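S.K.: Structure file structure-v1.pdb, PDB, C-alpha atoms, pLDDT in the B column, is pasted below:
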```
ATOM      1  CA  MET A  19    -140.450 180.085-163.219  1.00 46.00           C
ATOM      2  CA  SER A  20    -143.945 180.874-162.124  1.00 49.00           C
ATOM      3  CA  PHE A  21    -143.381 180.453-158.408  1.00 57.00           C
ATOM      4  CA  PHE A  22    -141.465 183.149-156.606  1.00 70.00           C
ATOM      5  CA  LYS A  23    -140.219 182.471-153.131  1.00 74.00           C
ATOM      6  CA  ARG A  24    -141.929 184.495-150.472  1.00 75.00           C
ATOM      7  CA  ALA A  25    -140.515 185.314-147.050  1.00 77.00           C
ATOM      8  CA  LYS A  26    -140.427 182.371-144.702  1.00 79.00           C
ATOM      9  CA  LYS A  27    -141.686 184.376-141.793  1.00 79.00           C
ATOM     10  CA  LEU A  28    -144.599 186.748-142.071  1.00 82.00           C
ATOM     11  CA  ASP A  29    -143.199 190.258-141.752  1.00 84.00           C
ATOM     12  CA  ILE A  30    -146.212 192.443-142.438  1.00 87.00           C
ATOM     13  CA  GLY A  31    -148.508 193.471-139.646  1.00 86.00           C
ATOM     14  CA  CYS A  32    -151.639 194.586-141.502  1.00 86.00           C
ATOM     15  CA  PHE A  33    -154.629 192.563-142.675  1.00 89.00           C
ATOM     16  CA  ILE A  34    -153.263 189.338-144.071  1.00 90.00           C
ATOM     17  CA  ASN A  35    -154.504 187.192-146.882  1.00 90.00           C
ATOM     18  CA  ILE A  36    -152.664 185.579-149.760  1.00 91.00           C
ATOM     19  CA  LYS A  37    -153.173 188.629-151.936  1.00 93.00           C
ATOM     20  CA  THR A  38    -151.493 191.045-149.546  1.00 93.00           C
ATOM     21  CA  ILE A  39    -148.673 188.561-148.912  1.00 92.00           C
ATOM     22  CA  ARG A  40    -148.169 188.133-152.653  1.00 92.00           C
ATOM     23  CA  ASP A  41    -148.219 191.860-153.225  1.00 94.00           C
ATOM     24  CA  HIS A  42    -145.632 192.358-150.497  1.00 93.00           C
ATOM     25  CA  THR A  43    -143.470 189.628-152.054  1.00 92.00           C
ATOM     26  CA  LYS A  44    -143.651 191.488-155.349  1.00 94.00           C
ATOM     27  CA  ARG A  45    -142.635 194.707-153.661  1.00 94.00           C
ATOM     28  CA  VAL A  46    -139.591 193.078-152.085  1.00 93.00           C
ATOM     29  CA  ALA A  47    -138.645 191.418-155.381  1.00 93.00           C
ATOM     30  CA  PHE A  48    -138.994 194.723-157.198  1.00 94.00           C
ATOM     31  CA  ALA A  49    -136.803 196.543-154.678  1.00 94.00           C
ATOM     32  CA  GLU A  50    -134.117 193.866-154.927  1.00 92.00           C
ATOM     33  CA  ALA A  51    -134.002 193.910-158.730  1.00 93.00           C
ATOM     34  CA  GLU A  52    -134.528 197.624-159.225  1.00 94.00           C
ATOM     35  CA  ALA A  53    -130.875 198.556-159.790  1.00 94.00           C
ATOM     36  CA  GLN A  54    -130.506 195.831-162.402  1.00 95.00           C
ATOM     37  CA  ARG A  55    -133.703 196.876-164.123  1.00 95.00           C
ATOM     38  CA  GLN A  56    -132.607 200.500-164.254  1.00 95.00           C
ATOM     39  CA  ALA A  57    -129.202 199.519-165.675  1.00 95.00           C
ATOM     40  CA  LEU A  58    -130.864 197.473-168.417  1.00 95.00           C
ATOM     41  CA  ARG A  59    -133.364 200.235-169.093  1.00 95.00           C
ATOM     42  CA  TYR A  60    -130.481 202.685-169.443  1.00 95.00           C
ATOM     43  CA  ALA A  61    -128.723 200.391-171.928  1.00 95.00           C
ATOM     44  CA  VAL A  62    -131.921 200.049-173.950  1.00 95.00           C
ATOM     45  CA  ARG A  63    -132.512 203.786-174.130  1.00 94.00           C
ATOM     46  CA  ASN A  64    -128.903 204.740-174.851  1.00 93.00           C
ATOM     47  CA  THR A  65    -128.666 205.285-178.612  1.00 93.00           C
ATOM     48  CA  THR A  66    -124.874 205.638-178.508  1.00 92.00           C
ATOM     49  CA  LEU A  67    -124.465 201.962-177.626  1.00 93.00           C
ATOM     50  CA  PRO A  68    -124.228 199.391-180.441  1.00 94.00           C
ATOM     51  CA  GLN A  69    -127.549 198.059-181.645  1.00 95.00           C
ATOM     52  CA  ARG A  70    -126.686 194.514-180.609  1.00 96.00           C
ATOM     53  CA  THR A  71    -125.965 195.475-176.999  1.00 95.00           C
ATOM     54  CA  ARG A  72    -129.251 197.319-176.800  1.00 96.00           C
ATOM     55  CA  ALA A  73    -131.160 194.372-178.229  1.00 96.00           C
ATOM     56  CA  ILE A  74    -129.551 192.019-175.706  1.00 96.00           C
ATOM     57  CA  ALA A  75    -130.436 194.392-172.867  1.00 95.00           C
ATOM     58  CA  GLN A  76    -134.008 194.545-174.108  1.00 96.00           C
ATOM     59  CA  LEU A  77    -134.186 190.752-174.181  1.00 96.00           C
ATOM     60  CA  GLN A  78    -132.740 190.422-170.694  1.00 95.00           C
ATOM     61  CA  LEU A  79    -135.174 192.989-169.374  1.00 95.00           C
ATOM     62  CA  SER A  80    -138.128 191.171-170.856  1.00 95.00           C
ATOM     63  CA  GLN A  81    -136.900 187.856-169.487  1.00 94.00           C
ATOM     64  CA  MET A  82    -136.643 189.007-165.877  1.00 94.00           C
ATOM     65  CA  HIS A  83    -139.176 187.504-163.498  1.00 93.00           C
ATOM     66  CA  CYS A  84    -142.574 189.152-163.688  1.00 92.00           C
ATOM     67  CA  TYR A  85    -142.529 189.825-159.914  1.00 93.00           C
ATOM     68  CA  THR A  86    -139.662 192.285-160.428  1.00 93.00           C
ATOM     69  CA  ARG A  87    -141.859 194.503-162.618  1.00 94.00           C
ATOM     70  CA  PRO A  88    -143.192 197.658-161.006  1.00 93.00           C
ATOM     71  CA  THR A  89    -146.495 197.298-162.846  1.00 94.00           C
ATOM     72  CA  GLN A  90    -147.229 194.096-160.933  1.00 93.00           C
ATOM     73  CA  ILE A  91    -147.503 196.047-157.700  1.00 94.00           C
ATOM     74  CA  ARG A  92    -150.916 197.196-156.624  1.00 94.00           C
ATOM     75  CA  ASN A  93    -151.814 199.240-153.587  1.00 94.00           C
ATOM     76  CA  ARG A  94    -154.110 197.161-151.424  1.00 95.00           C
ATOM     77  CA  CYS A  95    -156.200 198.050-148.403  1.00 95.00           C
ATOM     78  CA  ILE A  96    -154.309 197.470-145.154  1.00 93.00           C
ATOM     79  CA  MET A  97    -157.535 196.913-143.246  1.00 92.00           C
ATOM     80  CA  GLY A  98    -159.236 194.440-145.553  1.00 91.00           C
ATOM     81  CA  GLY A  99    -156.863 193.542-148.376  1.00 92.00           C
ATOM     82  CA  LYS A 100    -159.167 194.906-151.048  1.00 93.00           C
ATOM     83  CA  GLY A 101    -157.516 195.904-154.315  1.00 93.00           C
ATOM     84  CA  ARG A 102    -160.088 198.341-155.620  1.00 94.00           C
ATOM     85  CA  GLY A 103    -161.285 201.680-154.362  1.00 94.00           C
ATOM     86  CA  VAL A 104    -158.181 202.170-152.236  1.00 95.00           C
ATOM     87  CA  LEU A 105    -157.416 205.716-151.109  1.00 94.00           C
ATOM     88  CA  SER A 106    -153.644 205.818-151.454  1.00 92.00           C
ATOM     89  CA  ASP A 107    -153.255 208.639-148.929  1.00 92.00           C
ATOM     90  CA  PHE A 108    -154.704 206.413-146.210  1.00 93.00           C
ATOM     91  CA  LYS A 109    -153.858 202.993-147.742  1.00 93.00           C
ATOM     92  CA  MET A 110    -157.445 201.987-147.065  1.00 94.00           C
ATOM     93  CA  SER A 111    -160.398 201.014-149.176  1.00 95.00           C
ATOM     94  CA  ARG A 112    -163.147 203.605-149.291  1.00 95.00           C
ATOM     95  CA  PHE A 113    -165.472 201.787-146.900  1.00 95.00           C
ATOM     96  CA  ASN A 114    -162.779 201.003-144.345  1.00 94.00           C
ATOM     97  CA  PHE A 115    -161.690 204.600-144.596  1.00 95.00           C
ATOM     98  CA  ARG A 116    -165.237 205.729-143.858  1.00 95.00           C
ATOM     99  CA  LEU A 117    -165.529 203.455-140.847  1.00 94.00           C
ATOM    100  CA  GLU A 118    -162.185 204.531-139.419  1.00 93.00           C
ATOM    101  CA  ALA A 119    -162.816 208.202-140.121  1.00 94.00           C
ATOM    102  CA  LEU A 120    -166.227 208.128-138.466  1.00 94.00           C
ATOM    103  CA  ALA A 121    -164.726 206.343-135.466  1.00 93.00           C
ATOM    104  CA  GLY A 122    -162.166 209.153-135.234  1.00 92.00           C
ATOM    105  CA  ASN A 123    -159.159 206.873-135.714  1.00 92.00           C
ATOM    106  CA  ILE A 124    -157.633 208.926-138.523  1.00 92.00           C
ATOM    107  CA  PRO A 125    -156.085 212.157-137.258  1.00 93.00           C
ATOM    108  CA  GLY A 126    -157.193 215.300-139.054  1.00 91.00           C
ATOM    109  CA  VAL A 127    -160.148 213.740-140.820  1.00 92.00           C
ATOM    110  CA  LYS A 128    -163.712 214.622-139.997  1.00 89.00           C
ATOM    111  CA  LYS A 129    -167.034 214.520-141.708  1.00 92.00           C
ATOM    112  CA  ALA A 130    -167.794 217.580-143.747  1.00 92.00           C
ATOM    113  CA  SER A 131    -170.747 219.630-142.583  1.00 91.00           C
ATOM    114  CA  TRP A 132    -171.746 223.170-143.488  1.00 88.00           C
TER     115      TRP A 132
ATOM    116  CA  MET B  29    -129.353 239.870-187.698  1.00 70.00           C
ATOM    117  CA  SER B  30    -128.962 236.094-187.555  1.00 84.00           C
ATOM    118  CA  VAL B  31    -126.325 234.722-185.186  1.00 85.00           C
ATOM    119  CA  PRO B  32    -124.059 232.036-186.676  1.00 89.00           C
ATOM    120  CA  ARG B  33    -124.689 228.508-185.396  1.00 87.00           C
ATOM    121  CA  ALA B  34    -121.083 228.044-184.263  1.00 89.00           C
ATOM    122  CA  ARG B  35    -121.386 231.030-181.961  1.00 91.00           C
ATOM    123  CA  ILE B  36    -124.569 229.704-180.406  1.00 91.00           C
ATOM    124  CA  LEU B  37    -122.869 226.358-179.871  1.00 91.00           C
ATOM    125  CA  ASP B  38    -119.998 228.116-178.132  1.00 92.00           C
ATOM    126  CA  LEU B  39    -122.480 229.858-175.913  1.00 92.00           C
ATOM    127  CA  MET B  40    -124.228 226.562-175.115  1.00 91.00           C
ATOM    128  CA  LYS B  41    -120.907 224.951-174.296  1.00 92.00           C
ATOM    129  CA  ALA B  42    -119.986 227.734-171.917  1.00 93.00           C
ATOM    130  CA  GLN B  43    -123.441 227.508-170.369  1.00 93.00           C
ATOM    131  CA  CYS B  44    -123.039 223.757-169.825  1.00 92.00           C
ATOM    132  CA  GLN B  45    -119.616 224.216-168.248  1.00 93.00           C
ATOM    133  CA  LEU B  46    -120.938 226.918-165.985  1.00 94.00           C
ATOM    134  CA  PHE B  47    -123.938 224.974-164.749  1.00 93.00           C
ATOM    135  CA  SER B  48    -122.211 221.571-165.047  1.00 89.00           C
ATOM    136  CA  THR B  49    -124.791 220.059-167.378  1.00 86.00           C
ATOM    137  CA  THR B  50    -124.097 217.735-170.288  1.00 85.00           C
ATOM    138  CA  PHE B  51    -123.261 219.397-173.589  1.00 86.00           C
ATOM    139  CA  ASN B  52    -125.422 217.596-176.141  1.00 86.00           C
ATOM    140  CA  PRO B  53    -126.194 219.957-179.030  1.00 84.00           C
ATOM    141  CA  ASP B  54    -127.600 217.269-181.327  1.00 85.00           C
ATOM    142  CA  GLY B  55    -130.051 216.056-178.703  1.00 84.00           C
ATOM    143  CA  ILE B  56    -128.737 212.474-178.846  1.00 89.00           C
ATOM    144  CA  ARG B  57    -130.638 210.151-176.505  1.00 90.00           C
ATOM    145  CA  THR B  58    -128.147 208.777-174.026  1.00 90.00           C
ATOM    146  CA  GLY B  59    -130.642 207.399-171.564  1.00 88.00           C
ATOM    147  CA  ASN B  60    -129.411 209.695-168.826  1.00 89.00           C
ATOM    148  CA  LYS B  61    -132.921 210.393-167.670  1.00 90.00           C
ATOM    149  CA  ILE B  62    -133.088 206.789-166.444  1.00 92.00           C
ATOM    150  CA  LEU B  63    -129.975 207.336-164.349  1.00 91.00           C
ATOM    151  CA  ARG B  64    -131.431 210.543-162.975  1.00 90.00           C
ATOM    152  CA  GLU B  65    -134.521 208.783-161.607  1.00 91.00           C
ATOM    153  CA  ARG B  66    -134.515 208.075-157.915  1.00 93.00           C
ATOM    154  CA  LEU B  67    -134.815 204.461-156.748  1.00 93.00           C
ATOM    155  CA  LYS B  68    -138.391 203.741-155.745  1.00 93.00           C
ATOM    156  CA  GLY B  69    -137.675 200.432-154.008  1.00 91.00           C
ATOM    157  CA  PRO B  70    -137.477 201.555-150.360  1.00 93.00           C
ATOM    158  CA  SER B  71    -140.733 203.505-150.479  1.00 93.00           C
ATOM    159  CA  VAL B  72    -142.494 200.710-152.362  1.00 93.00           C
ATOM    160  CA  VAL B  73    -141.425 198.066-149.847  1.00 93.00           C
ATOM    161  CA  SER B  74    -142.564 200.133-146.869  1.00 92.00           C
ATOM    162  CA  TYR B  75    -146.197 200.291-148.031  1.00 93.00           C
ATOM    163  CA  TYR B  76    -147.504 197.624-145.683  1.00 92.00           C
ATOM    164  CA  PRO B  77    -146.842 198.219-141.983  1.00 90.00           C
ATOM    165  CA  ARG B  78    -144.214 195.957-140.474  1.00 88.00           C
ATOM    166  CA  LYS B  79    -145.068 193.370-137.871  1.00 85.00           C
ATOM    167  CA  MET B  80    -144.166 194.967-134.588  1.00 81.00           C
ATOM    168  CA  PHE B  81    -145.239 192.991-131.566  1.00 80.00           C
ATOM    169  CA  THR B  82    -147.328 189.855-131.291  1.00 80.00           C
ATOM    170  CA  TYR B  83    -149.321 188.468-128.412  1.00 81.00           C
ATOM    171  CA  ARG B  84    -146.795 185.668-128.084  1.00 81.00           C
ATOM    172  CA  ASP B  85    -143.982 188.199-127.600  1.00 83.00           C
ATOM    173  CA  PHE B  86    -146.104 189.855-124.941  1.00 83.00           C
ATOM    174  CA  MET B  87    -146.557 186.529-123.163  1.00 84.00           C
ATOM    175  CA  THR B  88    -142.866 185.640-123.265  1.00 85.00           C
ATOM    176  CA  GLU B  89    -141.988 189.050-121.816  1.00 84.00           C
ATOM    177  CA  PHE B  90    -144.084 188.220-118.762  1.00 86.00           C
ATOM    178  CA  LYS B  91    -142.873 184.638-118.609  1.00 84.00           C
ATOM    179  CA  ASN B  92    -139.410 185.983-117.826  1.00 83.00           C
ATOM    180  CA  LEU B  93    -140.891 187.589-114.708  1.00 85.00           C
ATOM    181  CA  ASP B  94    -142.557 184.293-113.677  1.00 82.00           C
ATOM    182  CA  LEU B  95    -145.965 185.717-114.481  1.00 82.00           C
ATOM    183  CA  PHE B  96    -148.565 183.922-116.517  1.00 79.00           C
ATOM    184  CA  VAL B  97    -150.691 185.799-119.038  1.00 80.00           C
ATOM    185  CA  GLU B  98    -153.825 184.201-120.313  1.00 81.00           C
ATOM    186  CA  ASN B  99    -154.530 184.505-124.002  1.00 82.00           C
ATOM    187  CA  GLU B 100    -158.305 184.682-123.959  1.00 86.00           C
ATOM    188  CA  GLU B 101    -158.752 184.242-127.698  1.00 86.00           C
ATOM    189  CA  GLU B 102    -156.540 181.190-127.771  1.00 87.00           C
ATOM    190  CA  ALA B 103    -158.374 179.714-124.751  1.00 90.00           C
ATOM    191  CA  ASP B 104    -161.712 180.303-126.506  1.00 94.00           C
ATOM    192  CA  ARG B 105    -160.434 178.612-129.620  1.00 93.00           C
ATOM    193  CA  LEU B 106    -159.192 175.559-127.733  1.00 93.00           C
ATOM    194  CA  GLU B 107    -162.470 175.315-125.839  1.00 94.00           C
ATOM    195  CA  HIS B 108    -164.406 175.441-129.085  1.00 95.00           C
ATOM    196  CA  LEU B 109    -162.172 172.732-130.579  1.00 94.00           C
ATOM    197  CA  ALA B 110    -162.691 170.511-127.553  1.00 94.00           C
ATOM    198  CA  GLY B 111    -166.467 170.938-127.850  1.00 94.00           C
ATOM    199  CA  VAL B 112    -166.410 170.112-131.554  1.00 94.00           C
ATOM    200  CA  LYS B 113    -164.293 167.050-130.946  1.00 92.00           C
ATOM    201  CA  ALA B 114    -166.590 165.822-128.163  1.00 93.00           C
ATOM    202  CA  ARG B 115    -169.485 165.928-130.621  1.00 93.00           C
ATOM    203  CA  GLY B 116    -167.429 163.956-133.110  1.00 89.00           C
ATOM    204  CA  LYS B 117    -167.238 166.891-135.527  1.00 90.00           C
ATOM    205  CA  GLY B 118    -163.539 167.621-135.214  1.00 86.00           C
ATOM    206  CA  ALA B 119    -160.976 167.721-137.957  1.00 86.00           C
ATOM    207  CA  PRO B 120    -159.650 164.307-139.013  1.00 84.00           C
ATOM    208  CA  LYS B 121    -156.203 163.182-137.927  1.00 84.00           C
ATOM    209  CA  LYS B 122    -153.282 163.965-140.190  1.00 84.00           C
ATOM    210  CA  LYS B 123    -152.124 160.997-142.213  1.00 82.00           C
ATOM    211  CA  ASN B 124    -148.436 160.207-142.284  1.00 82.00           C
ATOM    212  CA  ALA B 125    -148.397 158.179-145.502  1.00 80.00           C
ATOM    213  CA  PRO B 126    -149.736 159.289-148.875  1.00 79.00           C
ATOM    214  CA  PRO B 127    -153.118 157.799-149.752  1.00 75.00           C
ATOM    215  CA  SER B 128    -152.897 154.367-151.357  1.00 77.00           C
ATOM    216  CA  PRO B 129    -155.157 153.325-154.269  1.00 74.00           C
ATOM    217  CA  HIS B 130    -156.934 150.831-151.946  1.00 75.00           C
ATOM    218  CA  ASP B 131    -158.272 153.652-149.781  1.00 68.00           C
ATOM    219  CA  LYS B 132    -161.985 154.114-149.962  1.00 66.00           C
ATOM    220  CA  LYS B 133    -162.883 156.915-152.312  1.00 61.00           C
ATOM    221  CA  ARG B 134    -165.657 159.350-151.522  1.00 58.00           C
TER     222      ARG B 134
END
```
Turn the structure described in the file into structure tokens.

M.R.:
Amino acid sequence: MSFFKRAKKLDIGCFINIKTIRDHTKRVAFAEAEAQRQALRYAVRNTTLPQRTRAIAQLQLSQMHCYTRPTQIRNRCIMGGKGRGVLSDFKMSRFNFRLEALAGNIPGVKKASW
Amino acid sequence: MSVPRARILDLMKAQCQLFSTTFNPDGIRTGNKILRERLKGPSVVSYYPRKMFTYRDFMTEFKNLDLFVENEEEADRLEHLAGVKARGKGAPKKKNAPPSPHDKKR
């Protein structure tokens, strides 16, 4: 299954393009499947369980949809949707951060000068 | 002055009881560290800001009071579309049926 259903109604209020929507879909999918993933991960790591059970858990974990994997999630810029050079503290790409900071829209940030 | 292993194990057991930790002298991997992790889902989902209030909501709020709010951007867009259409450069009409093989290909 390569297609994962995304929310019918747009529920994010930042910059929107297909990449941010997809990333948000992945986040929701990850949150929904997290308990199951952790249970399977526990079964895989538990050496007191029979080998067969652990192997089955490993298989199930690897066969879960790729959108439920935490590594699929990438922090994107909320102002421009860019995936690279994003400052995670401000959730913004470096250039958008600069623009916003110079405009004084980010509290507590000002240009260094000494 | 070596302390026998059994005595050390007794001490470890007492320690575990006292601090309510798991007594696991052989260091067997039980995967408990996975269960100890906190769930990251809620914080991961809340990365993008939620949609709060749209212009349409704003307009409907005023509609209830019998007031009309003009959406300038929407008006501009419609005006532009009308101009484009008048010059014959508008978007083509939507087709209801799927294209048949007799349709002219471009």

S.K.: Name all residues at most 8 Å from stretch 57-63 of chain A (count only C-alpha atoms; drop same-chain ones fewer than 2 positions away) and give them as a list of chain:residue names.

M.R.: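 Near stretch 57-63 of chain A, the qualifying residues are A:Ala53, A:Gln54, A:Arg55, A:Thr65, A:Leu67, A:Thr71, A:Arg72, A:Ala73, A:Ala75, A:Gln76, A:Gln78, A:Leu79, B:Arg57, B:Thr58, B:Gly59, B:Asn60, B:Ile62, B:Leu63.
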
S.K.: Do you know which residues the ChimeraX specification (/A :<9) & /B returns on this file, as a ChimeraX atom specification?

M.R.: /B:56-63,65,67-70,72-81

S.K.: If I take atom CA of B:Lys41 and atom CA of B:Asp54, how far is one from the other in Å, to one decimal?

M.R.: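 Atom CA of B:Lys41 sits 12.4 Å away from atom CA of B:Asp54.
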
S.K.: Please, what distance in Å, to one decimal, runs between atom CA of A:Gly122 and atom CA of A:Met97?

M.R.: 15.3 Å

S.K.: Find the distance between atom CA of B:Arg66 and atom CA of A:Ser80 and write it in Å to one decimal.

M.R.: 21.6 Å

S.K.: Could you give me, as a PyMOL selection string, the residues within 12 Å of A:Lys128, counting all atoms listed in the file and dropping anything in the same chain fewer than 2 positions from it?

M.R.: chain A and resi 115-126+130-131

S.K.: Which residue gives the smallest distance to B:Val97 among B:Arg115, B:Arg84, B:Lys122, B:His130, with all atoms listed in the file counted?

M.R.: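 Smallest separation from B:Val97 among the options: B:Arg84.
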